[in-house]
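Chemist: Sending over a structure as structure tokens; questions will come in a sec.
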Amino acid sequence: KPLGVARIDATDSAIQLQFVPHPPIEPAKVLKLVQTRRNYRLAGQDRLRIEAELLDVKARVEAIREAFRELA
């Protein structure tokens, strides 16, 4: 919630973070991640998609935590 994430969808091939309108994070930080990380993409105006091979729940949770650290 502190990052403005309203919903998290995690599958074996990707994580999608959906943000609330006007999230409390810097848009420049999100754009920098998308530009510097090949597996980060914008999926609409309020979603960030992270492509990764995440075969089990533990790997998905760790990838979500890493994304939150990078956004914070």
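Quick note on naming: the chains in the structure tokens go A, B, ... in the order shown, residues restart at 1 in each chain, and ligands are numbered from 1 in order of appearance.
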Please list as a ChimeraX atom specification every residue within 9 Å of Asp46 in chain A, counting only C-alpha atoms and excluding residues in the same chain fewer than 5 positions away.
Modeler: /A:17-22
Chemist: Among chain A, which residues carry a DSSP assignment of strand (DSSP E or B), reported as a PyMOL selection string?
Modeler: chain A and resi 5-10+14-19+40-42+47-51
Chemist: Selected residues, N, CA and C atoms, written as a PDB file, in the first residue's frame, please.
Modeler:
ATOM      1  N   VAL A   5       0.336   0.329  -4.741  1.00  0.00           N
ATOM      2  CA  VAL A   5      -0.013  -0.871  -5.496  1.00  0.00           C
ATOM      3  C   VAL A   5      -1.400  -1.336  -5.056  1.00  0.00           C
ATOM      4  N   ALA A   6      -2.301  -1.420  -6.011  1.00  0.00           N
ATOM      5  CA  ALA A   6      -3.673  -1.837  -5.712  1.00  0.00           C
ATOM      6  C   ALA A   6      -3.857  -3.339  -5.899  1.00  0.00           C
ATOM      7  N   ARG A   7      -3.086  -3.924  -6.830  1.00  0.00           N
ATOM      8  CA  ARG A   7      -3.266  -5.336  -7.134  1.00  0.00           C
ATOM      9  C   ARG A   7      -1.965  -5.931  -7.640  1.00  0.00           C
ATOM     10  N   ILE A   8      -1.730  -7.190  -7.267  1.00  0.00           N
ATOM     11  CA  ILE A   8      -0.560  -7.922  -7.732  1.00  0.00           C
ATOM     12  C   ILE A   8      -1.042  -9.217  -8.375  1.00  0.00           C
ATOM     13  N   ASP A   9      -0.643  -9.437  -9.602  1.00  0.00           N
ATOM     14  CA  ASP A   9      -0.919 -10.697 -10.290  1.00  0.00           C
ATOM     15  C   ASP A   9       0.423 -11.347 -10.588  1.00  0.00           C
ATOM     16  N   ALA A  10       0.625 -12.564 -10.085  1.00  0.00           N
ATOM     17  CA  ALA A  10       1.888 -13.266 -10.296  1.00  0.00           C
ATOM     18  C   ALA A  10       1.613 -14.633 -10.909  1.00  0.00           C
ATOM     19  N   ALA A  14       5.269 -14.076 -15.377  1.00  0.00           N
ATOM     20  CA  ALA A  14       5.309 -12.620 -15.195  1.00  0.00           C
ATOM     21  C   ALA A  14       4.626 -12.193 -13.902  1.00  0.00           C
ATOM     22  N   ILE A  15       4.972 -10.980 -13.485  1.00  0.00           N
ATOM     23  CA  ILE A  15       4.309 -10.317 -12.363  1.00  0.00           C
ATOM     24  C   ILE A  15       3.742  -9.016 -12.912  1.00  0.00           C
ATOM     25  N   GLN A  16       2.523  -8.716 -12.537  1.00  0.00           N
ATOM     26  CA  GLN A  16       1.926  -7.461 -12.960  1.00  0.00           C
ATOM     27  C   GLN A  16       1.473  -6.689 -11.727  1.00  0.00           C
ATOM     28  N   LEU A  17       1.949  -5.472 -11.609  1.00  0.00           N
ATOM     29  CA  LEU A  17       1.568  -4.592 -10.516  1.00  0.00           C
ATOM     30  C   LEU A  17       0.627  -3.534 -11.058  1.00  0.00           C
ATOM     31  N   GLN A  18      -0.534  -3.419 -10.448  1.00  0.00           N
ATOM     32  CA  GLN A  18      -1.484  -2.384 -10.838  1.00  0.00           C
ATOM     33  C   GLN A  18      -1.507  -1.329  -9.747  1.00  0.00           C
ATOM     34  N   PHE A  19      -1.361  -0.077 -10.142  1.00  0.00           N
ATOM     35  CA  PHE A  19      -1.277   1.032  -9.198  1.00  0.00           C
ATOM     36  C   PHE A  19      -2.609   1.752  -9.061  1.00  0.00           C
ATOM     37  N   TYR A  40      11.238  -5.287 -17.503  1.00  0.00           N
ATOM     38  CA  TYR A  40      10.199  -4.384 -16.977  1.00  0.00           C
ATOM     39  C   TYR A  40       9.542  -3.673 -18.154  1.00  0.00           C
ATOM     40  N   ARG A  41       8.206  -3.658 -18.166  1.00  0.00           N
ATOM     41  CA  ARG A  41       7.457  -2.970 -19.223  1.00  0.00           C
ATOM     42  C   ARG A  41       6.247  -2.281 -18.620  1.00  0.00           C
ATOM     43  N   LEU A  42       5.842  -1.204 -19.240  1.00  0.00           N
ATOM     44  CA  LEU A  42       4.571  -0.591 -18.875  1.00  0.00           C
ATOM     45  C   LEU A  42       3.470  -1.343 -19.614  1.00  0.00           C
ATOM     46  N   ARG A  47      -0.152   0.153 -14.941  1.00  0.00           N
ATOM     47  CA  ARG A  47       0.374  -1.182 -14.678  1.00  0.00           C
ATOM     48  C   ARG A  47       1.838  -1.296 -15.073  1.00  0.00           C
ATOM     49  N   LEU A  48       2.558  -2.079 -14.269  1.00  0.00           N
ATOM     50  CA  LEU A  48       3.947  -2.403 -14.553  1.00  0.00           C
ATOM     51  C   LEU A  48       4.035  -3.916 -14.664  1.00  0.00           C
ATOM     52  N   ARG A  49       4.588  -4.409 -15.754  1.00  0.00           N
ATOM     53  CA  ARG A  49       4.714  -5.846 -15.983  1.00  0.00           C
ATOM     54  C   ARG A  49       6.188  -6.224 -15.917  1.00  0.00           C
ATOM     55  N   ILE A  50       6.461  -7.275 -15.155  1.00  0.00           N
ATOM     56  CA  ILE A  50       7.824  -7.767 -14.994  1.00  0.00           C
ATOM     57  C   ILE A  50       7.865  -9.191 -15.526  1.00  0.00           C
ATOM     58  N   GLU A  51       8.560  -9.371 -16.634  1.00  0.00           N
ATOM     59  CA  GLU A  51       8.686 -10.694 -17.242  1.00  0.00           C
ATOM     60  C   GLU A  51       9.785 -11.461 -16.516  1.00  0.00           C
TER      61      GLU A  51
END
Chemist: Which of chain A counts as alpha helix (DSSP H) under DSSP, as a PDB file with N, CA, C and O atoms, in the first residue's frame please?
Modeler:
ATOM      1  N   PRO A  27       7.208   9.103 -10.863  1.00  0.00           N
ATOM      2  CA  PRO A  27       7.088   8.540 -12.216  1.00  0.00           C
ATOM      3  C   PRO A  27       8.450   8.357 -12.888  1.00  0.00           C
ATOM      4  O   PRO A  27       8.643   7.409 -13.642  1.00  0.00           O
ATOM      5  N   ALA A  28       9.386   9.227 -12.590  1.00  0.00           N
ATOM      6  CA  ALA A  28      10.719   9.126 -13.184  1.00  0.00           C
ATOM      7  C   ALA A  28      11.415   7.836 -12.760  1.00  0.00           C
ATOM      8  O   ALA A  28      12.148   7.235 -13.547  1.00  0.00           O
ATOM      9  N   LYS A  29      11.166   7.402 -11.542  1.00  0.00           N
ATOM     10  CA  LYS A  29      11.774   6.162 -11.052  1.00  0.00           C
ATOM     11  C   LYS A  29      11.231   4.959 -11.828  1.00  0.00           C
ATOM     12  O   LYS A  29      11.982   4.059 -12.210  1.00  0.00           O
ATOM     13  N   VAL A  30       9.939   4.958 -12.086  1.00  0.00           N
ATOM     14  CA  VAL A  30       9.317   3.871 -12.854  1.00  0.00           C
ATOM     15  C   VAL A  30       9.854   3.882 -14.286  1.00  0.00           C
ATOM     16  O   VAL A  30      10.219   2.833 -14.828  1.00  0.00           O
ATOM     17  N   LEU A  31       9.929   5.059 -14.886  1.00  0.00           N
ATOM     18  CA  LEU A  31      10.440   5.154 -16.255  1.00  0.00           C
ATOM     19  C   LEU A  31      11.892   4.711 -16.349  1.00  0.00           C
ATOM     20  O   LEU A  31      12.277   4.034 -17.306  1.00  0.00           O
ATOM     21  N   LYS A  32      12.693   5.046 -15.365  1.00  0.00           N
ATOM     22  CA  LYS A  32      14.089   4.621 -15.360  1.00  0.00           C
ATOM     23  C   LYS A  32      14.195   3.100 -15.290  1.00  0.00           C
ATOM     24  O   LYS A  32      15.011   2.493 -15.982  1.00  0.00           O
ATOM     25  N   LEU A  33      13.365   2.476 -14.453  1.00  0.00           N
ATOM     26  CA  LEU A  33      13.361   1.012 -14.378  1.00  0.00           C
ATOM     27  C   LEU A  33      12.985   0.388 -15.713  1.00  0.00           C
ATOM     28  O   LEU A  33      13.601  -0.578 -16.154  1.00  0.00           O
ATOM     29  N   VAL A  34      11.971   0.938 -16.359  1.00  0.00           N
ATOM     30  CA  VAL A  34      11.527   0.408 -17.645  1.00  0.00           C
ATOM     31  C   VAL A  34      12.624   0.573 -18.700  1.00  0.00           C
ATOM     32  O   VAL A  34      12.828  -0.309 -19.540  1.00  0.00           O
ATOM     33  N   GLN A  35      13.360   1.661 -18.639  1.00  0.00           N
ATOM     34  CA  GLN A  35      14.416   1.915 -19.620  1.00  0.00           C
ATOM     35  C   GLN A  35      15.666   1.091 -19.361  1.00  0.00           C
ATOM     36  O   GLN A  35      16.367   0.729 -20.300  1.00  0.00           O
ATOM     37  N   THR A  36      15.968   0.790 -18.103  1.00  0.00           N
ATOM     38  CA  THR A  36      17.223   0.109 -17.789  1.00  0.00           C
ATOM     39  C   THR A  36      17.079  -1.402 -17.613  1.00  0.00           C
ATOM     40  O   THR A  36      18.061  -2.123 -17.764  1.00  0.00           O
ATOM     41  N   VAL A  57       6.002 -20.487  -5.820  1.00  0.00           N
ATOM     42  CA  VAL A  57       5.485 -19.331  -5.072  1.00  0.00           C
ATOM     43  C   VAL A  57       6.620 -18.559  -4.408  1.00  0.00           C
ATOM     44  O   VAL A  57       6.615 -17.329  -4.374  1.00  0.00           O
ATOM     45  N   LYS A  58       7.610 -19.260  -3.886  1.00  0.00           N
ATOM     46  CA  LYS A  58       8.737 -18.596  -3.223  1.00  0.00           C
ATOM     47  C   LYS A  58       9.465 -17.658  -4.180  1.00  0.00           C
ATOM     48  O   LYS A  58       9.812 -16.527  -3.814  1.00  0.00           O
ATOM     49  N   ALA A  59       9.683 -18.085  -5.409  1.00  0.00           N
ATOM     50  CA  ALA A  59      10.354 -17.245  -6.402  1.00  0.00           C
ATOM     51  C   ALA A  59       9.497 -16.027  -6.753  1.00  0.00           C
ATOM     52  O   ALA A  59      10.017 -14.926  -6.934  1.00  0.00           O
ATOM     53  N   ARG A  60       8.194 -16.217  -6.813  1.00  0.00           N
ATOM     54  CA  ARG A  60       7.293 -15.104  -7.121  1.00  0.00           C
ATOM     55  C   ARG A  60       7.307 -14.063  -6.013  1.00  0.00           C
ATOM     56  O   ARG A  60       7.389 -12.863  -6.276  1.00  0.00           O
ATOM     57  N   VAL A  61       7.263 -14.528  -4.769  1.00  0.00           N
ATOM     58  CA  VAL A  61       7.281 -13.603  -3.628  1.00  0.00           C
ATOM     59  C   VAL A  61       8.589 -12.824  -3.603  1.00  0.00           C
ATOM     60  O   VAL A  61       8.600 -11.605  -3.389  1.00  0.00           O
ATOM     61  N   GLU A  62       9.698 -13.494  -3.836  1.00  0.00           N
ATOM     62  CA  GLU A  62      10.993 -12.812  -3.834  1.00  0.00           C
ATOM     63  C   GLU A  62      11.079 -11.792  -4.971  1.00  0.00           C
ATOM     64  O   GLU A  62      11.608 -10.694  -4.788  1.00  0.00           O
ATOM     65  N   ALA A  63      10.550 -12.113  -6.134  1.00  0.00           N
ATOM     66  CA  ALA A  63      10.564 -11.169  -7.260  1.00  0.00           C
ATOM     67  C   ALA A  63       9.696  -9.949  -6.948  1.00  0.00           C
ATOM     68  O   ALA A  63      10.057  -8.821  -7.305  1.00  0.00           O
ATOM     69  N   ILE A  64       8.573 -10.152  -6.286  1.00  0.00           N
ATOM     70  CA  ILE A  64       7.720  -9.028  -5.900  1.00  0.00           C
ATOM     71  C   ILE A  64       8.434  -8.145  -4.890  1.00  0.00           C
ATOM     72  O   ILE A  64       8.422  -6.919  -4.995  1.00  0.00           O
ATOM     73  N   ARG A  65       9.081  -8.762  -3.917  1.00  0.00           N
ATOM     74  CA  ARG A  65       9.837  -7.976  -2.927  1.00  0.00           C
ATOM     75  C   ARG A  65      10.949  -7.173  -3.582  1.00  0.00           C
ATOM     76  O   ARG A  65      11.184  -6.024  -3.230  1.00  0.00           O
ATOM     77  N   GLU A  66      11.640  -7.771  -4.538  1.00  0.00           N
ATOM     78  CA  GLU A  66      12.705  -7.059  -5.252  1.00  0.00           C
ATOM     79  C   GLU A  66      12.137  -5.870  -6.025  1.00  0.00           C
ATOM     80  O   GLU A  66      12.713  -4.772  -6.013  1.00  0.00           O
ATOM     81  N   ALA A  67      11.002  -6.066  -6.668  1.00  0.00           N
ATOM     82  CA  ALA A  67      10.368  -4.964  -7.405  1.00  0.00           C
ATOM     83  C   ALA A  67       9.983  -3.844  -6.455  1.00  0.00           C
ATOM     84  O   ALA A  67      10.184  -2.660  -6.754  1.00  0.00           O
ATOM     85  N   PHE A  68       9.442  -4.187  -5.283  1.00  0.00           N
ATOM     86  CA  PHE A  68       9.081  -3.163  -4.307  1.00  0.00           C
ATOM     87  C   PHE A  68      10.312  -2.400  -3.826  1.00  0.00           C
ATOM     88  O   PHE A  68      10.267  -1.188  -3.662  1.00  0.00           O
ATOM     89  N   ARG A  69      11.419  -3.116  -3.608  1.00  0.00           N
ATOM     90  CA  ARG A  69      12.657  -2.424  -3.175  1.00  0.00           C
ATOM     91  C   ARG A  69      13.127  -1.448  -4.251  1.00  0.00           C
ATOM     92  O   ARG A  69      13.580  -0.348  -3.942  1.00  0.00           O
ATOM     93  N   GLU A  70      13.025  -1.840  -5.501  1.00  0.00           N
ATOM     94  CA  GLU A  70      13.462  -0.963  -6.586  1.00  0.00           C
ATOM     95  C   GLU A  70      12.547   0.232  -6.760  1.00  0.00           C
ATOM     96  O   GLU A  70      12.997   1.301  -7.168  1.00  0.00           O
ATOM     97  N   LEU A  71      11.281   0.078  -6.458  1.00  0.00           N
ATOM     98  CA  LEU A  71      10.335   1.187  -6.588  1.00  0.00           C
ATOM     99  C   LEU A  71      10.378   2.139  -5.396  1.00  0.00           C
ATOM    100  O   LEU A  71       9.990   3.297  -5.523  1.00  0.00           O
TER     101      LEU A  71
END
